[in-house]
>>> print(open('final-v3.cif').read())   # mmCIF, C-alpha atoms
data_my_file
loop_
_atom_site.group_PDB
_atom_site.id
_atom_site.type_symbol
_atom_site.label_atom_id
_atom_site.label_comp_id
_atom_site.auth_asym_id
_atom_site.auth_seq_id
_atom_site.Cartn_x
_atom_site.Cartn_y
_atom_site.Cartn_z
ATOM 1 C CA MET A 1 -31.573 35.886 -15.374
ATOM 2 C CA THR A 2 -30.790 32.766 -17.381
ATOM 3 C CA ALA A 3 -31.379 29.544 -15.463
ATOM 4 C CA PRO A 4 -28.308 27.298 -15.088
ATOM 5 C CA SER A 5 -28.136 24.378 -17.484
ATOM 6 C CA PRO A 6 -28.727 20.848 -16.129
ATOM 7 C CA LEU A 7 -25.036 20.052 -16.643
ATOM 8 C CA SER A 8 -23.909 23.153 -14.770
ATOM 9 C CA PHE A 9 -26.360 22.417 -11.971
ATOM 10 C CA ALA A 10 -25.136 18.801 -11.718
ATOM 11 C CA TYR A 11 -21.482 19.889 -11.686
ATOM 12 C CA TRP A 12 -21.919 22.471 -8.941
ATOM 13 C CA ARG A 13 -24.079 20.097 -6.895
ATOM 14 C CA GLY A 14 -21.262 17.536 -6.982
ATOM 15 C CA CYS A 15 -18.681 20.194 -6.173
ATOM 16 C CA ARG A 16 -20.720 21.495 -3.246
ATOM 17 C CA GLN A 17 -21.320 18.014 -1.825
ATOM 18 C CA GLY A 18 -17.634 17.182 -2.115
ATOM 19 C CA LEU A 19 -16.505 20.201 -0.088
ATOM 20 C CA PRO A 20 -16.873 18.547 3.375
ATOM 21 C CA PHE A 21 -14.253 15.975 2.408
ATOM 22 C CA ILE A 22 -11.665 18.747 2.403
ATOM 23 C CA LEU A 23 -11.578 18.290 6.186
ATOM 24 C CA VAL A 24 -10.134 14.799 5.781
ATOM 25 C CA ILE A 25 -8.327 14.986 2.431
ATOM 26 C CA LEU A 26 -6.056 17.793 3.650
ATOM 27 C CA PRO A 27 -4.640 15.962 6.707
ATOM 28 C CA PHE A 28 -4.665 12.641 4.824
ATOM 29 C CA GLY A 29 -2.524 14.106 2.038
ATOM 30 C CA LEU A 30 -0.247 15.906 4.494
ATOM 31 C CA LEU A 31 0.253 12.645 6.359
ATOM 32 C CA PHE A 32 1.254 10.778 3.205
ATOM 33 C CA GLY A 33 3.678 13.516 2.212
ATOM 34 C CA VAL A 34 5.335 13.295 5.625
ATOM 35 C CA ALA A 35 5.332 9.475 5.611
ATOM 36 C CA GLY A 36 6.844 9.335 2.126
ATOM 37 C CA THR A 37 9.712 11.688 2.905
ATOM 38 C CA GLU A 38 10.403 9.989 6.234
ATOM 39 C CA ALA A 39 10.608 6.683 4.333
ATOM 40 C CA GLY A 40 13.431 8.157 2.269
ATOM 41 C CA LEU A 41 11.531 9.027 -0.911
ATOM 42 C CA SER A 42 12.433 12.150 -2.841
ATOM 43 C CA LEU A 43 9.893 14.895 -3.527
ATOM 44 C CA THR A 44 9.529 13.622 -7.099
ATOM 45 C CA GLU A 45 8.904 10.068 -5.910
ATOM 46 C CA VAL A 46 6.351 11.168 -3.301
ATOM 47 C CA MET A 47 4.455 13.249 -5.866
ATOM 48 C CA GLY A 48 4.706 10.431 -8.392
ATOM 49 C CA PHE A 49 2.874 8.216 -5.912
ATOM 50 C CA SER A 50 0.044 10.693 -5.417
ATOM 51 C CA ILE A 51 -0.317 11.708 -9.070
ATOM 52 C CA LEU A 52 0.100 8.318 -10.739
ATOM 53 C CA VAL A 53 -1.532 6.125 -8.102
ATOM 54 C CA ILE A 54 -3.954 8.597 -6.440
ATOM 55 C CA ALA A 55 -5.063 6.002 -3.891
ATOM 56 C CA GLY A 56 -4.176 6.870 -0.324
ATOM 57 C CA ALA A 57 -4.644 3.482 1.348
ATOM 58 C CA SER A 58 -2.525 1.575 -1.182
ATOM 59 C CA GLN A 59 0.094 4.347 -1.131
ATOM 60 C CA PHE A 60 0.491 4.022 2.641
ATOM 61 C CA THR A 61 0.647 0.232 2.281
ATOM 62 C CA ALA A 62 3.361 0.436 -0.368
ATOM 63 C CA VAL A 63 5.453 2.945 1.583
ATOM 64 C CA GLN A 64 5.208 0.860 4.763
ATOM 65 C CA LEU A 65 6.340 -2.274 2.940
ATOM 66 C CA MET A 66 9.163 -0.369 1.258
ATOM 67 C CA THR A 67 10.266 0.846 4.694
ATOM 68 C CA ASP A 68 10.212 -2.776 5.869
ATOM 69 C CA HIS A 69 12.448 -3.700 2.878
ATOM 70 C CA ALA A 70 9.829 -5.935 1.242
ATOM 71 C CA SER A 71 10.477 -7.113 -2.297
ATOM 72 C CA THR A 72 9.227 -5.067 -5.238
ATOM 73 C CA VAL A 73 6.795 -7.834 -6.198
ATOM 74 C CA MET A 74 5.321 -7.910 -2.681
ATOM 75 C CA VAL A 75 4.930 -4.116 -2.630
ATOM 76 C CA ILE A 76 3.078 -4.143 -5.959
ATOM 77 C CA LEU A 77 0.866 -7.101 -5.042
ATOM 78 C CA ALA A 78 -0.039 -5.629 -1.656
ATOM 79 C CA ALA A 79 -0.930 -2.258 -3.192
ATOM 80 C CA LEU A 80 -3.061 -3.985 -5.812
ATOM 81 C CA ALA A 81 -4.788 -6.078 -3.148
ATOM 82 C CA VAL A 82 -5.697 -3.003 -1.126
ATOM 83 C CA ASN A 83 -6.965 -1.294 -4.270
ATOM 84 C CA LEU A 84 -9.165 -4.191 -5.395
ATOM 85 C CA ARG A 85 -12.095 -2.330 -3.853
ATOM 86 C CA MET A 86 -11.897 -0.072 -6.914
ATOM 87 C CA ALA A 87 -13.089 -3.013 -9.002
ATOM 88 C CA MET A 88 -16.186 -3.214 -6.785
ATOM 89 C CA TYR A 89 -16.675 0.526 -7.135
ATOM 90 C CA SER A 90 -16.408 0.246 -10.915
ATOM 91 C CA ALA A 91 -18.970 -2.541 -11.033
ATOM 92 C CA SER A 92 -21.358 -0.423 -8.981
ATOM 93 C CA LEU A 93 -21.037 2.615 -11.274
ATOM 94 C CA ALA A 94 -20.947 0.701 -14.573
ATOM 95 C CA PRO A 95 -24.752 0.692 -15.036
ATOM 96 C CA HIS A 96 -24.691 4.489 -14.796
ATOM 97 C CA LEU A 97 -21.467 5.427 -16.604
ATOM 98 C CA GLY A 98 -20.692 2.381 -18.734
ATOM 99 C CA ALA A 99 -22.056 3.983 -21.898
ATOM 100 C CA ALA A 100 -19.691 6.954 -21.667
ATOM 101 C CA PRO A 101 -16.987 7.417 -24.327
ATOM 102 C CA THR A 102 -13.689 5.664 -23.766
ATOM 103 C CA TRP A 103 -11.849 8.882 -22.853
ATOM 104 C CA ALA A 104 -14.529 9.771 -20.291
ATOM 105 C CA ARG A 105 -14.427 6.299 -18.731
ATOM 106 C CA GLY A 106 -10.650 6.615 -18.545
ATOM 107 C CA LEU A 107 -10.949 9.855 -16.588
ATOM 108 C CA VAL A 108 -13.637 8.351 -14.347
ATOM 109 C CA ALA A 109 -11.334 5.406 -13.601
ATOM 110 C CA TYR A 110 -8.332 7.641 -12.888
ATOM 111 C CA PHE A 111 -10.216 9.964 -10.530
ATOM 112 C CA MET A 112 -12.143 7.175 -8.792
ATOM 113 C CA VAL A 113 -11.243 7.613 -5.154
ATOM 114 C CA ASP A 114 -13.318 6.536 -2.179
ATOM 115 C CA GLN A 115 -14.892 9.909 -1.528
ATOM 116 C CA VAL A 116 -15.893 10.534 -5.143
ATOM 117 C CA PHE A 117 -17.358 7.055 -5.471
ATOM 118 C CA ALA A 118 -19.394 7.462 -2.289
ATOM 119 C CA LEU A 119 -20.860 10.755 -3.509
ATOM 120 C CA ALA A 120 -21.540 9.551 -7.055
ATOM 121 C CA ASN A 121 -23.056 6.247 -5.993
ATOM 122 C CA ALA A 122 -25.418 7.962 -3.548
ATOM 123 C CA ASP A 123 -26.424 10.590 -6.115
ATOM 124 C CA TYR A 124 -27.078 8.054 -8.876
ATOM 125 C CA GLU A 125 -29.160 5.873 -6.570
ATOM 126 C CA ARG A 126 -31.154 8.912 -5.472
ATOM 127 C CA ALA A 127 -31.809 10.087 -9.053
ATOM 128 C CA PRO A 128 -31.135 7.177 -11.453
ATOM 129 C CA ASN A 129 -32.958 8.843 -14.364
ATOM 130 C CA GLN A 130 -30.397 11.607 -14.833
ATOM 131 C CA SER A 131 -28.843 11.738 -18.285
ATOM 132 C CA LEU A 132 -25.372 10.301 -18.822
ATOM 133 C CA SER A 133 -24.012 13.826 -19.310
ATOM 134 C CA GLU A 134 -25.519 14.964 -16.010
ATOM 135 C CA LYS A 135 -24.020 11.980 -14.194
ATOM 136 C CA LEU A 136 -20.599 12.696 -15.670
ATOM 137 C CA ALA A 137 -20.936 16.385 -14.780
ATOM 138 C CA TYR A 138 -21.798 15.474 -11.188
ATOM 139 C CA TYR A 139 -18.812 13.115 -11.049
ATOM 140 C CA ALA A 140 -16.512 15.875 -12.312
ATOM 141 C CA GLY A 141 -17.923 18.232 -9.711
ATOM 142 C CA ALA A 142 -17.352 15.737 -6.907
ATOM 143 C CA CYS A 143 -13.726 15.328 -8.037
ATOM 144 C CA THR A 144 -13.016 19.066 -8.092
ATOM 145 C CA PRO A 145 -12.583 19.747 -4.342
ATOM 146 C CA VAL A 146 -11.110 16.300 -3.608
ATOM 147 C CA CYS A 147 -8.492 15.207 -6.146
ATOM 148 C CA PRO A 148 -6.522 18.453 -6.739
ATOM 149 C CA LEU A 149 -6.343 18.982 -2.976
ATOM 150 C CA TRP A 150 -4.808 15.515 -2.586
ATOM 151 C CA TYR A 151 -1.898 16.581 -4.809
ATOM 152 C CA VAL A 152 -1.467 19.923 -3.035
ATOM 153 C CA ALA A 153 -1.673 18.385 0.439
ATOM 154 C CA THR A 154 0.862 15.702 -0.476
ATOM 155 C CA LEU A 155 3.237 18.357 -1.782
ATOM 156 C CA ALA A 156 2.821 20.413 1.390
ATOM 157 C CA GLY A 157 3.439 17.366 3.579
ATOM 158 C CA ALA A 158 6.544 16.410 1.616
ATOM 159 C CA TRP A 159 7.910 19.942 1.876
ATOM 160 C CA LEU A 160 7.091 20.477 5.535
ATOM 161 C CA GLY A 161 8.053 16.982 6.641
ATOM 162 C CA LYS A 162 8.935 16.838 10.312
ATOM 163 C CA ALA A 163 8.020 20.497 10.750
ATOM 164 C CA ILE A 164 4.429 19.344 11.335
ATOM 165 C CA PRO A 165 4.103 18.741 15.119
ATOM 166 C CA PRO A 166 3.108 15.189 16.138
ATOM 167 C CA ALA A 167 0.439 16.774 18.346
ATOM 168 C CA PHE A 168 -1.560 17.496 15.179
ATOM 169 C CA ALA A 169 -2.334 13.730 14.994
ATOM 170 C CA LEU A 170 -2.947 13.779 11.236
ATOM 171 C CA ASP A 171 -3.576 10.037 11.190
ATOM 172 C CA PHE A 172 -7.125 10.686 12.431
ATOM 173 C CA ALA A 173 -8.040 11.491 8.821
ATOM 174 C CA VAL A 174 -7.851 7.878 7.626
ATOM 175 C CA PRO A 175 -10.608 6.352 9.822
ATOM 176 C CA VAL A 176 -12.704 9.521 9.787
ATOM 177 C CA THR A 177 -12.899 9.691 6.005
ATOM 178 C CA PHE A 178 -14.076 6.088 5.731
ATOM 179 C CA LEU A 179 -16.628 6.538 8.505
ATOM 180 C CA ALA A 180 -17.975 9.616 6.722
ATOM 181 C CA MET A 181 -18.411 7.605 3.524
ATOM 182 C CA ILE A 182 -19.842 4.413 4.989
ATOM 183 C CA ALA A 183 -22.342 5.762 7.532
ATOM 184 C CA PRO A 184 -24.788 7.283 4.990
ATOM 185 C CA MET A 185 -24.814 4.004 3.042
ATOM 186 C CA LEU A 186 -26.109 1.900 5.950
ATOM 187 C CA ARG A 187 -29.754 2.314 4.982
ATOM 188 C CA SER A 188 -31.010 -1.276 4.773
ATOM 189 C CA LEU A 189 -30.620 -4.676 6.411
ATOM 190 C CA PRO A 190 -28.284 -6.025 3.672
ATOM 191 C CA HIS A 191 -26.036 -2.982 4.132
ATOM 192 C CA LEU A 192 -25.954 -3.483 7.904
ATOM 193 C CA VAL A 193 -25.257 -7.212 7.576
ATOM 194 C CA ALA A 194 -22.441 -6.572 5.116
ATOM 195 C CA ALA A 195 -20.920 -3.962 7.433
ATOM 196 C CA ALA A 196 -21.127 -6.249 10.467
ATOM 197 C CA VAL A 197 -19.609 -9.204 8.613
ATOM 198 C CA SER A 198 -16.809 -7.037 7.227
ATOM 199 C CA ILE A 199 -15.872 -5.895 10.752
ATOM 200 C CA VAL A 200 -15.876 -9.409 12.204
ATOM 201 C CA MET A 201 -13.992 -10.940 9.268
ATOM 202 C CA ALA A 202 -11.436 -8.117 9.109
ATOM 203 C CA LEU A 203 -10.590 -8.767 12.748
ATOM 204 C CA ALA A 204 -10.514 -12.533 12.209
ATOM 205 C CA PHE A 205 -8.230 -12.235 9.161
ATOM 206 C CA SER A 206 -6.025 -9.488 10.609
ATOM 207 C CA VAL A 207 -3.143 -11.941 11.032
ATOM 208 C CA LEU A 208 -2.894 -12.503 7.273
ATOM 209 C CA PRO A 209 -0.116 -10.643 5.446
ATOM 210 C CA ALA A 210 -0.136 -7.728 3.010
ATOM 211 C CA GLY A 211 -3.762 -6.716 3.241
ATOM 212 C CA THR A 212 -5.128 -10.064 2.056
ATOM 213 C CA GLY A 213 -7.295 -10.242 5.177
ATOM 214 C CA LEU A 214 -9.148 -7.096 4.120
ATOM 215 C CA ILE A 215 -9.837 -8.553 0.685
ATOM 216 C CA LEU A 216 -11.202 -11.784 2.158
ATOM 217 C CA ALA A 217 -13.302 -9.783 4.620
ATOM 218 C CA ALA A 218 -14.714 -7.716 1.755
ATOM 219 C CA LEU A 219 -15.634 -10.857 -0.202
ATOM 220 C CA CYS A 220 -17.358 -12.357 2.841
ATOM 221 C CA ALA A 221 -19.229 -9.092 3.438
ATOM 222 C CA MET A 222 -20.418 -8.899 -0.166
ATOM 223 C CA ALA A 223 -21.607 -12.504 -0.058
ATOM 224 C CA ALA A 224 -23.427 -11.920 3.228
ATOM 225 C CA GLY A 225 -25.080 -8.756 1.940
ATOM 226 C CA ALA A 226 -26.139 -10.465 -1.299
ATOM 227 C CA GLN A 227 -27.591 -13.451 0.552
ATOM 228 C CA THR A 228 -29.498 -11.143 2.882
ATOM 229 C CA GLU A 229 -30.915 -9.294 -0.123
ATOM 230 C CA LEU A 230 -32.014 -12.591 -1.708
ATOM 231 C CA TRP A 231 -33.614 -13.656 1.574
ATOM 232 C CA LEU A 232 -35.584 -10.420 1.725
ATOM 233 C CA ILE A 233 -36.744 -10.850 -1.879
ATOM 234 C CA ARG A 234 -37.936 -14.399 -1.193
ATOM 235 C CA ARG A 235 -39.669 -13.244 1.994
ATOM 236 C CA ARG A 236 -41.514 -10.471 0.176
ATOM 237 C CA ALA A 237 -42.512 -12.858 -2.615
ATOM 238 C CA ALA A 238 -43.935 -15.313 -0.064
ATOM 239 C CA GLN A 239 -46.123 -12.698 1.612
#
>>> encode(input="final-v3.cif", output="structure tokens")
Amino acid sequence: MTAPSPLSFAYWRGCRQGLPFILVILPFGLLFGVAGTEAGLSLTEVMGFSILVIAGASQFTAVQLMTDHASTVMVILAALAVNLRMAMYSASLAPHLGAAPTWARGLVAYFMVDQVFALANADYERAPNQSLSEKLAYYAGACTPVCPLWYVATLAGAWLGKAIPPAFALDFAVPVTFLAMIAPMLRSLPHLVAAAVSIVMALAFSVLPAGTGLILAALCAMAAGAQTELWLIRRRAAQ
């Protein structure tokens, strides 16, 4: 029997590791489909959100602000603010995927959602010497069970609408998916410090409008994590 190629192995490893996220992507997408239709959006508009934006947190933010009759500028700025974490994700993956062709980087950027980033970042840190093609194959594999399901789940939620009983409590998917991504990353003191600071600052800045508190909390967390890392480096150098 012919052994699988490294690219095939990387793709199926990413696909296999992305499968558990189905448990949260399905209710998350259903919830957005329901929320979008209840906000008065048509099926085309709801699907346009999920296909063109493909970013659940900013989609919910935009729909909520639209429901509250916020201005178009405020809706766009708030969605962009929530999605600024994608810039941090991109910076983290750039050393691994930055040499890819323009078309490949475009696809990576489009399909960069929280779950795929978490999987790819962990895999690249675990095996940084993989070839660029293997890293891209893994990324594609991680996207396969996550991104198409987001479209399908959104469509199902938009079609079913209020037919989904409230007892299903689909909103559990939002915190669960982020907990599932963050917990495996808390492997060092800088990670723990950054997480703790982000929690404290997010609560402190919760009164700020349009998601700006989350952005400020993220900046504080990154600074705290970086300073902790520098402190550890200096401590090791002094020993």
>>> resolve_selection(input="final-v3.cif", expression="the PyMOL selection byres ((chain A and resi 152) around 10)", output="list in words")
Leu26, Gly29, Leu30, Gly33, Met47, Ser50, Cys147, Pro148, Leu149, Trp150, Tyr151, Ala153, Thr154, Leu155, Ala156, Gly157 and Ala158 of chain A
>>> atom_distance(input="final-v3.cif", atom1="atom CA of A:Ser133", atom2="atom CA of A:Ser8")
10.4 Å
>>> residues_near_point(input="final-v3.cif", point="(1.9, -7.9, 2.3)", cutoff="10 Å", atoms="all atoms listed in the file", output="list in words")
Thr61, Ala62, Gln64, Leu65, Ala70, Ser71, Val73, Met74, Val75, Ile76, Leu77, Ala78, Ala79, Ala81, Val82, Leu208, Pro209, Ala210, Gly211, Thr212 and Gly213 of chain A
>>> atom_distance(input="final-v3.cif", atom1="atom CA of A:Ile25", atom2="atom CA of A:Phe49")
15.5 Å
>>> atom_distance(input="final-v3.cif", atom1="atom CA of A:Pro190", atom2="atom CA of A:Ala118")
17.2 Å
>>> resolve_selection(input="final-v3.cif", expression="the PyMOL selection byres ((chain A and resi 126-130) around 12)", output="PyMOL selection string")
chain A and resi 6-7+9-10+93+95-97+119-125+131-138+185
>>> closest_residue(input="final-v3.cif", among="A:Val113, A:Leu84, A:Ala217, A:Ala224", to="A:Ala194", atoms="all atoms listed in the file")
A:Ala224
>>> resolve_selection(input="final-v3.cif", expression="the PyMOL selection byres ((chain A and resi 146) around 12)", output="PyMOL selection string")
chain A and resi 14-26+28-29+54-55+111-117+119+139-145+147-153+177
>>> axis_aligned_box(input="final-v3.cif", around="stretch 19-28 of chain A", padding_each_side="5 Å", output="lines of an AutoDock Vina configuration file")
center_x = -10.8
center_y = 16.4
center_z = 3.3
size_x = 22.2
size_y = 17.6
size_z = 16.8
>>> closest_residue(input="final-v3.cif", among="A:Met88, A:Leu31, A:Leu216, A:Met222", to="A:Met201", atoms="only C-alpha atoms")
A:Leu216
>>> closest_residue(input="final-v3.cif", among="A:Ala39, A:Leu160, A:Ile215, A:Val46", to="A:His69", atoms="only C-alpha atoms")
A:Ala39
